[in-house]
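Notes follow the structure.
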Amino acid sequence: MATMDEQEQRRRRLTAWRGARRVLARVGADGTLGERLAALAADAPSVHDPDDCTDVYGGGVVADLERRTARLLGMEAAAFFPTGTMAQQVALRCWAGRTGNATVALHPLSHPEVHEGGALGVVSGLRTVHPTSEPRLPDAEEIREFPEPFGTLMLELPLRDAGFVLPSWEELTAVVEAARERDAVVHFDGARLWECGPHFGRALPEIAGLADSVYVSFYKSLDGLSGAVLAGPSTLVEEARVWRHRYGGQLFQQFPAALSALIGLERELPRLPSYVAHAKVVAGALAEG
């Protein structure tokens, strides 16, 4: 929870940002309550029928979002979660039950290891191992030669705390193949998967299709209010819905978050390649400076 000093610092930063004549980005999270509510009310009819009933424990606009996200990722089904932390814990717990192995191989700088207070072990009873500690994702040789068995390989794309690094397409496909050789399933932490297409030169279904399951966020790249989706085989997703309820994620109504996610898919997703291209221009100019 933010302290008064932190809130005041944020207020000052936002005041300076709002007064700037030129900025690199303007994101909805930095708007006022009135601005965000007005924008949601104005844009919502473009993505969903405003005369539809609100969702109650799913359905309605939430189900619409789940179906659309599954199609975009080329997956059989998808389930909406209030947070990505919950979505991934559920996914990894479900895979542990299916593989019979509660060990998850992932990078020590991945989000569950750094930012979730050890929840994979404390809450979900999972054990984690690290095929590499280098500031990059593990390569195929490291996966093949890792001395311990593991049931799931989790790959964060991009690996944020190592500097938002991504492997090449050939490296990614090779590491997935190496995991398959060990009879392990592959889960993608795709919090920012939406913007990986330009790097890999592949469409979203081809990227997501390398994995057995994938989680995507709606507020990091798409400017949504909150929320995430876990996508994968329909049998896994149905099991994940049961665990979502057990973890406290079966919320009564979620239509504001779902509507904002649909708006992000409609408006921001097509723009991401141009954002990536402009970011490279800015980075180049900063490097020259």
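Chain identifiers are assigned as A, B, and so on, following the order in which chains appear in the structure tokens; residues are numbered from 1 within each chain, and ligands are numbered from 1 in order of appearance.
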
A:Lys220 surroundings by only C-alpha atoms, 9 Å radius, close-in-sequence under 6 positions cut, as a PyMOL selection string: chain A and resi 191-192+226

Please produce an output containing all heavy atoms for each residue in the selection, written as a CSV table (one decimal), in the first residue's frame.
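As a result, result18.csv now contains:
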```
chain,number,residue,atom,x,y,z
A,191,ALA,N,2.9,-12.3,-20.0
A,191,ALA,CA,2.4,-11.0,-19.6
A,191,ALA,C,2.5,-9.9,-20.6
A,191,ALA,O,1.6,-9.1,-20.8
A,191,ALA,CB,3.1,-10.5,-18.3
A,192,ARG,N,3.6,-10.0,-21.4
A,192,ARG,CA,3.8,-9.0,-22.5
A,192,ARG,C,4.0,-9.8,-23.8
A,192,ARG,O,4.7,-9.3,-24.7
A,192,ARG,CB,5.1,-8.2,-22.2
A,192,ARG,CG,4.9,-7.4,-20.9
A,192,ARG,CD,6.2,-6.8,-20.4
A,192,ARG,NE,6.0,-5.9,-19.3
A,192,ARG,CZ,5.9,-6.3,-18.0
A,192,ARG,NH1,6.0,-7.6,-17.8
A,192,ARG,NH2,5.7,-5.5,-17.0
A,226,SER,N,-7.4,-4.1,-15.5
A,226,SER,CA,-6.8,-5.2,-14.8
A,226,SER,C,-7.2,-6.5,-15.4
A,226,SER,O,-7.9,-6.6,-16.4
A,226,SER,CB,-7.3,-5.2,-13.3
A,226,SER,OG,-8.7,-5.5,-13.3
```

Picked from stretch 50-221 of chain A by DSSP as helix (DSSP H, G or I), as a ChimeraX atom specification: /A:60-73,84-99,111-115,119-122,140-145,160-162,169-181,193-195,197-200,204-208

Produce a table with one row for each residue of stretch 93-191 of chain A that has an atom at most 12 Å from any atom of stretch 68-88 of chain A, each row naming the nearest atom pair and its distance in Å at one decimal; use only C-alpha atoms; arrange rows by chain and rising residue number; format as a Markdown table.
```
| residue | atom | partner | partner_atom | distance |
| --- | --- | --- | --- | --- |
| A:Arg93 | CA | A:Gln88 | CA | 8.3 |
| A:Cys94 | CA | A:Gln88 | CA | 9.7 |
| A:Trp95 | CA | A:Gln88 | CA | 10.5 |
| A:Val104 | CA | A:Gln88 | CA | 11.6 |
| A:Ser110 | CA | A:Thr85 | CA | 11.8 |
| A:His111 | CA | A:Thr85 | CA | 8.6 |
| A:Pro112 | CA | A:Thr85 | CA | 7.5 |
| A:Glu113 | CA | A:Thr85 | CA | 11.2 |
| A:Val114 | CA | A:Thr85 | CA | 11.8 |
| A:His115 | CA | A:Thr85 | CA | 9.3 |
| A:Glu116 | CA | A:Thr85 | CA | 7.4 |
| A:Gly117 | CA | A:Thr85 | CA | 10.7 |
| A:Gly118 | CA | A:Thr85 | CA | 11.2 |
| A:Ala119 | CA | A:Thr85 | CA | 8.8 |
| A:Leu120 | CA | A:Gln88 | CA | 9.1 |
| A:Val123 | CA | A:Met86 | CA | 10.4 |
| A:Ser124 | CA | A:Met86 | CA | 10.2 |
| A:Leu126 | CA | A:Gln88 | CA | 11.9 |
| A:Thr152 | CA | A:Gln88 | CA | 11.9 |
| A:Met154 | CA | A:Gln88 | CA | 9.6 |
| A:Leu155 | CA | A:Gln88 | CA | 11.5 |
| A:Glu156 | CA | A:Gln88 | CA | 11.1 |
| A:His187 | CA | A:Gln88 | CA | 8.7 |
| A:Phe188 | CA | A:Gln88 | CA | 9.1 |
| A:Asp189 | CA | A:Gln88 | CA | 7.5 |
| A:Gly190 | CA | A:Gly84 | CA | 9.5 |
| A:Ala191 | CA | A:Gly84 | CA | 7.6 |
```

Which residue of A:Phe164, A:Phe218, A:Phe200, A:Phe150 approaches A:Glu268 most closely, using only C-alpha atoms: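 Between A:Phe164, A:Phe218, A:Phe200, A:Phe150, the residue approaching A:Glu268 most closely is A:Phe218.
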
Rank A:Ala91, A:Ala20, A:Ile143, A:Leu106 by their smallest atom-to-atom distance to A:Val229, using only C-alpha atoms, and report the top residue only.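 Going through A:Ala91, A:Ala20, A:Ile143, A:Leu106 one by one, the smallest distance to A:Val229 is for A:Ala91.
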
If I take atom CA of A:Gly224 and atom CA of A:Asp5, how far is one from the other in Å, to one decimal? 26.6 Å

Counting only C-alpha atoms, what is within 12 Å of A:Arg246, bar same-chain residues fewer than 3 positions away, as JSON, numbers by chain? {"A": [86, 89, 90, 123, 124, 239, 240, 241, 242, 243, 249, 250, 251]}

Tell me, as an MDAnalysis selection string, which residues lie within 12 Å of stretch 29-39 of chain A, counting only C-alpha atoms; anything in the same chain fewer than 2 positions away does not count. chainID A and resid 10:18 25:27 41:46 219:226 256:257 259:260 263

Using Å and a single decimal, report how far atom CA of A:Asp161 sits from atom CA of A:Arg22.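 Calculated distance between atom CA of A:Arg22 and atom CA of A:Asp161 is 28.2 Å.
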
Name the closest residue to A:Gly151 among the candidates A:Gly100, A:Gly58, A:Pro270, A:Gly232; distances are taken between atoms, counting only C-alpha atoms.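 Closest to A:Gly151, using only C-alpha atoms: A:Gly100.
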
As a PyMOL selection string, please: the residues near A:Pro131 (cut-off 12 Å, only C-alpha atoms, same-chain neighbours under 5 positions excluded). chain A and resi 104-109+136-150+153-155+175+179

Could you please write out, as a VMD selection string, every residue of stretch 121-260 of chain A that DSSP assigns to strand (DSSP E or B)? chain A and resid 127 to 129 152 to 156 159 165 185 to 190 213 to 217 228 to 232

Residues of the last selection are to be written out with C-alpha atoms, as a PDB file, in the first residue's frame.
```pdb
ATOM      1  CA  ARG A 127       9.052 -26.662  -6.035  1.00  0.00           C
ATOM      2  CA  THR A 128      11.156 -24.557  -8.387  1.00  0.00           C
ATOM      3  CA  VAL A 129      14.518 -25.244 -10.012  1.00  0.00           C
ATOM      4  CA  THR A 152       6.780 -28.084 -16.304  1.00  0.00           C
ATOM      5  CA  LEU A 153       9.108 -25.599 -17.962  1.00  0.00           C
ATOM      6  CA  MET A 154       7.914 -22.000 -17.519  1.00  0.00           C
ATOM      7  CA  LEU A 155       9.314 -19.386 -19.897  1.00  0.00           C
ATOM      8  CA  GLU A 156       8.698 -15.683 -19.321  1.00  0.00           C
ATOM      9  CA  LEU A 159      12.186 -11.992 -19.278  1.00  0.00           C
ATOM     10  CA  VAL A 165      15.240 -10.102 -23.086  1.00  0.00           C
ATOM     11  CA  VAL A 185       4.972 -29.526 -20.504  1.00  0.00           C
ATOM     12  CA  VAL A 186       5.699 -25.905 -21.418  1.00  0.00           C
ATOM     13  CA  HIS A 187       3.912 -22.877 -20.002  1.00  0.00           C
ATOM     14  CA  PHE A 188       4.502 -19.326 -21.263  1.00  0.00           C
ATOM     15  CA  ASP A 189       4.374 -16.390 -18.882  1.00  0.00           C
ATOM     16  CA  GLY A 190       3.111 -14.084 -21.613  1.00  0.00           C
ATOM     17  CA  SER A 213      -0.611 -23.168 -21.982  1.00  0.00           C
ATOM     18  CA  VAL A 214      -0.070 -19.428 -21.880  1.00  0.00           C
ATOM     19  CA  TYR A 215      -1.054 -16.555 -19.640  1.00  0.00           C
ATOM     20  CA  VAL A 216      -1.547 -13.041 -21.025  1.00  0.00           C
ATOM     21  CA  SER A 217      -2.159  -9.749 -19.232  1.00  0.00           C
ATOM     22  CA  ALA A 228      -5.508 -11.803 -17.210  1.00  0.00           C
ATOM     23  CA  VAL A 229      -6.402 -14.901 -19.182  1.00  0.00           C
ATOM     24  CA  LEU A 230      -5.086 -18.441 -18.986  1.00  0.00           C
ATOM     25  CA  ALA A 231      -5.415 -20.182 -22.356  1.00  0.00           C
ATOM     26  CA  GLY A 232      -4.803 -23.767 -23.355  1.00  0.00           C
TER      27      GLY A 232
END
```

Computed interatomic separation between atom CA of A:Leu204 and atom CA of A:Leu269 (Å):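 Between these atoms lies a distance of 11.0 Å.
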
I need the residue nearest A:Asp52 from this list: A:Phe255, A:Pro205, A:Leu166, A:Glu134. Use only C-alpha atoms for the distance.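 Closest to A:Asp52 of all the choices is A:Phe255.
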